[in-house]
Amino acid sequence: MNRWMWKQISPANKTKPEAQRTVRIMGILNVTPDSFSGDGRLDARESVEMGLRMVEAGADILDVGGESSRPFADPVDDNQEMDRVLPVIRGLREQSDVPISIDTRHVRTARAALDEGAVIVNDIRGLSDPAMRKLIAETCAGTVIMHMQGDPSIMQTAPAYDDVVMDVSECLKQRVTQAVHDGIDPSRIAVDPGIGFGKTLEHNLQLIRYLDRIRVEDCALLLGASRKSMIGALLGVPVNQRLEGSLAAAAAGVCRGADVIRVHDVAETRRFLTVFLNILGDRQI
């Protein structure tokens, strides 16, 4: 059983006073040749070494992905995806007990990853597939339900909302309700507004600005804005110069209730948040 509850690392439930709530860091480990962030790699040994360095730097979770979800990315079938990610998960599990998340939309990949020791399924399609919900329910794995408008191939063509914060919030609540109906305990669910997934710059800013309105009761709240195009648009810098903007987004996120921050730059984010949260005095890392 891959039993996982987000309160193991992020006590977001109401029985804990705010002063005891923690912020945790999810390190992004891309096993792809076409990652938007330029950090993708295909060599399993190098990927494992990178993951272990992230753990040493302070990652609480590693999120392993074998298919790029950048705008207009070419899809990858589950066989190719498994060839990429399973050796990495296996290697990490042999050398570390860090919780591993599999970033996938494919049920076969998710099942194989859980069999290899992953404990979380991060689904950019928001558990829209009943088979994925069934898998999560059966294995007691944790999951991330992310919001995305459209598919990666078209999501940035012309994203539109009546009210982006309300629309995303309602969509995530509906997805959580369906997941709970299908046997997934809300303590095993984190919701993610999906920064950059079918959103304009203004949509992304609104979602971070009002992130607290997106929280779903009894679920953790995850924010992934690291190196995103919104930061490049605001600063006019390429992807390899977006650290400061990523840290600013992380700070805004934790101030508005994020329990988990998904990042590329683990060491820098942990150092930044350690000082930032100690100054605020109401949360810890």
# chains A, B, ... in the order shown; residues from 1 in each chain; ligands from 1
>>> residues_around(residues="region 106-117 of chain A", least_positions_apart="5", cutoff="8 Å", atoms="only C-alpha atoms", output="tab-separated table (two decimals) with N, CA and C atoms, in the first residue's frame")
chain	number	residue	atom	x	y	z
A	2	ASN	N	0.59	2.17	-0.88
A	2	ASN	CA	1.36	3.42	-0.95
A	2	ASN	C	0.64	4.51	-0.16
A	78	ASP	N	2.90	6.10	-22.92
A	78	ASP	CA	3.25	5.62	-21.59
A	78	ASP	C	4.45	4.67	-21.60
A	79	ASN	N	4.66	3.94	-22.68
A	79	ASN	CA	5.83	3.07	-22.74
A	79	ASN	C	7.14	3.86	-22.70
A	81	GLU	N	7.43	6.92	-21.62
A	81	GLU	CA	7.47	7.61	-20.33
A	81	GLU	C	8.00	6.68	-19.23
A	82	MET	N	7.52	5.44	-19.21
A	82	MET	CA	7.99	4.50	-18.20
A	82	MET	C	9.47	4.18	-18.37
A	85	VAL	N	11.20	7.17	-16.58
A	85	VAL	CA	11.04	7.48	-15.15
A	85	VAL	C	11.28	6.31	-14.21
A	86	LEU	N	10.96	5.08	-14.63
A	86	LEU	CA	11.03	3.97	-13.69
A	86	LEU	C	12.45	3.69	-13.20
A	89	ILE	N	13.12	6.36	-10.51
A	89	ILE	CA	12.41	6.10	-9.25
A	89	ILE	C	13.06	4.94	-8.51
A	90	ARG	N	13.40	3.89	-9.24
A	90	ARG	CA	14.03	2.72	-8.63
A	90	ARG	C	15.37	3.10	-8.00
A	93	ARG	N	14.80	5.24	-4.87
A	93	ARG	CA	14.28	4.46	-3.75
A	93	ARG	C	15.36	3.60	-3.12
A	100	ILE	N	8.47	10.13	-3.06
A	100	ILE	CA	8.57	10.36	-4.50
A	100	ILE	C	7.18	10.53	-5.09
A	131	ALA	N	-10.17	5.90	-14.29
A	131	ALA	CA	-9.21	4.84	-14.00
A	131	ALA	C	-8.09	5.35	-13.09
A	132	MET	N	-7.71	6.63	-13.25
A	132	MET	CA	-6.69	7.20	-12.37
A	132	MET	C	-7.25	7.36	-10.96
A	135	LEU	N	-7.23	3.98	-9.32
A	135	LEU	CA	-5.88	3.59	-8.91
A	135	LEU	C	-5.50	4.27	-7.60
A	141	ALA	N	-2.57	6.01	-2.35
A	141	ALA	CA	-1.51	6.97	-2.68
A	141	ALA	C	-2.01	8.39	-2.47
>>> closest_atom_pairs(of="region 91-170 of chain A", to="region 61-70 of chain A", cutoff="8 Å", atoms="only C-alpha atoms", output="JSON lines")
{"residue": "A:Val98", "atom": "CA", "partner": "A:Ile61", "partner_atom": "CA", "distance": 6.1}
{"residue": "A:Pro99", "atom": "CA", "partner": "A:Ile61", "partner_atom": "CA", "distance": 5.0}
{"residue": "A:Ile100", "atom": "CA", "partner": "A:Leu62", "partner_atom": "CA", "distance": 5.0}
{"residue": "A:Ser101", "atom": "CA", "partner": "A:Asp63", "partner_atom": "CA", "distance": 4.5}
{"residue": "A:Ile102", "atom": "CA", "partner": "A:Val64", "partner_atom": "CA", "distance": 5.1}
{"residue": "A:Asp103", "atom": "CA", "partner": "A:Gly65", "partner_atom": "CA", "distance": 4.6}
{"residue": "A:Thr104", "atom": "CA", "partner": "A:Gly65", "partner_atom": "CA", "distance": 6.5}
{"residue": "A:Asn122", "atom": "CA", "partner": "A:Asp63", "partner_atom": "CA", "distance": 7.8}
{"residue": "A:Pro152", "atom": "CA", "partner": "A:Ser69", "partner_atom": "CA", "distance": 5.9}
>>> select_by_dssp(residues="region 67-256 of chain A", states="strand (DSSP E or B)", output="count of residues only")
21
>>> closest_residue(among="A:Arg125, A:Arg53, A:Lys173, A:Arg24", to="Arg270 (chain A)", atoms="only C-alpha atoms")
A:Arg24
>>> select_by_dssp(residues="region 41-173 of chain A", states="alpha helix (DSSP H)", output="PyMOL selection string")
chain A and resi 44-57+78-95+107-115+130-139+164-173
>>> closest_residue(among="A:Val31, A:Leu201, A:Ile184, A:Ile25", to="Leu223 (chain A)", atoms="only C-alpha atoms")
A:Ile25
>>> closest_residue(among="A:Ala251, A:Met26, A:Ala225, A:Leu243", to="Asp60 (chain A)", atoms="only C-alpha atoms")
A:Met26
>>> atom_distance(atom1="CA of Ile124 (chain A)", atom2="CA of Cys171 (chain A)")
13.3 Å
>>> residues_around(residues="Gly126 (chain A)", least_positions_apart="4", cutoff="12 Å", atoms="only C-alpha atoms", output="JSON, numbers by chain")
{"A": [103, 104, 105, 106, 121, 122, 130, 132, 133, 143, 144, 145, 146, 147, 148, 149, 150, 151, 168, 171, 172, 173, 174, 175, 176, 177, 178, 179, 189, 190, 191, 192, 193, 194, 197]}
>>> write_last_selection(atoms="C-alpha atoms", output="JSON list (two decimals), in the first residue's frame")
[["chain", "number", "residue", "atom", "x", "y", "z"],
["A", 103, "ASP", "CA", 4.20, 13.52, -12.54],
["A", 104, "THR", "CA", 2.05, 11.76, -15.15],
["A", 105, "ARG", "CA", -1.30, 11.70, -16.91],
["A", 106, "HIS", "CA", -0.98, 8.01, -17.81],
["A", 121, "VAL", "CA", 0.57, 10.83, -8.32],
["A", 122, "ASN", "CA", 0.75, 14.39, -9.67],
["A", 130, "PRO", "CA", -11.92, 7.51, -13.71],
["A", 132, "MET", "CA", -6.69, 7.20, -12.37],
["A", 133, "ARG", "CA", -9.11, 7.89, -9.52],
["A", 143, "THR", "CA", -2.35, 12.85, -5.32],
["A", 144, "VAL", "CA", -2.14, 16.35, -6.74],
["A", 145, "ILE", "CA", -5.21, 17.57, -8.60],
["A", 146, "MET", "CA", -4.08, 20.34, -10.93],
["A", 147, "HIS", "CA", -6.24, 22.71, -12.95],
["A", 148, "MET", "CA", -5.55, 22.97, -16.67],
["A", 149, "GLN", "CA", -7.70, 24.57, -19.35],
["A", 150, "GLY", "CA", -7.35, 22.54, -22.55],
["A", 151, "ASP", "CA", -4.40, 20.33, -23.48],
["A", 168, "VAL", "CA", -10.46, 27.54, -11.06],
["A", 171, "CYS", "CA", -13.35, 23.32, -10.92],
["A", 172, "LEU", "CA", -10.94, 22.06, -8.26],
["A", 173, "LYS", "CA", -13.76, 21.68, -5.72],
["A", 174, "GLN", "CA", -15.74, 19.61, -8.22],
["A", 175, "ARG", "CA", -12.73, 17.43, -8.96],
["A", 176, "VAL", "CA", -12.13, 16.88, -5.24],
["A", 177, "THR", "CA", -15.80, 16.03, -4.69],
["A", 178, "GLN", "CA", -15.61, 13.43, -7.47],
["A", 179, "ALA", "CA", -12.37, 12.00, -6.07],
["A", 189, "ILE", "CA", -5.30, 15.26, -1.95],
["A", 190, "ALA", "CA", -3.42, 18.46, -2.75],
["A", 191, "VAL", "CA", -4.94, 20.99, -5.14],
["A", 192, "ASP", "CA", -2.87, 23.06, -7.57],
["A", 193, "PRO", "CA", -4.23, 26.07, -9.54],
["A", 194, "GLY", "CA", -1.97, 25.19, -12.48],
["A", 197, "PHE", "CA", -1.58, 25.87, -17.78]]
>>> atom_distance(atom1="CA of Thr32 (chain A)", atom2="CA of Val76 (chain A)")
9.9 Å
>>> closest_residue(among="A:Asp185, A:Asp212, A:Asp129, A:Asp83", to="Val165 (chain A)", atoms="only C-alpha atoms")
A:Asp212
>>> closest_residue(among="A:Ala118, A:Met166, A:Ala59, A:Ala220", to="His203 (chain A)", atoms="only C-alpha atoms")
A:Met166
>>> closest_atom_pairs(of="region 145-259 of chain A", to="region 275-283 of chain A", cutoff="12 Å", atoms="only C-alpha atoms", output="CSV")
residue,atom,partner,partner_atom,distance
A:Leu247,CA,A:Phe276,CA,10.4
A:Ala248,CA,A:Phe276,CA,10.7
A:Ala250,CA,A:Phe276,CA,10.3
A:Ala251,CA,A:Phe276,CA,7.6
A:Ala252,CA,A:Phe276,CA,10.8
A:Gly253,CA,A:Leu277,CA,11.9
A:Val254,CA,A:Leu277,CA,8.8
A:Cys255,CA,A:Leu280,CA,9.1
A:Arg256,CA,A:Arg283,CA,11.6
A:Gly257,CA,A:Arg283,CA,9.9
A:Ala258,CA,A:Arg283,CA,10.8
A:Asp259,CA,A:Arg283,CA,10.0
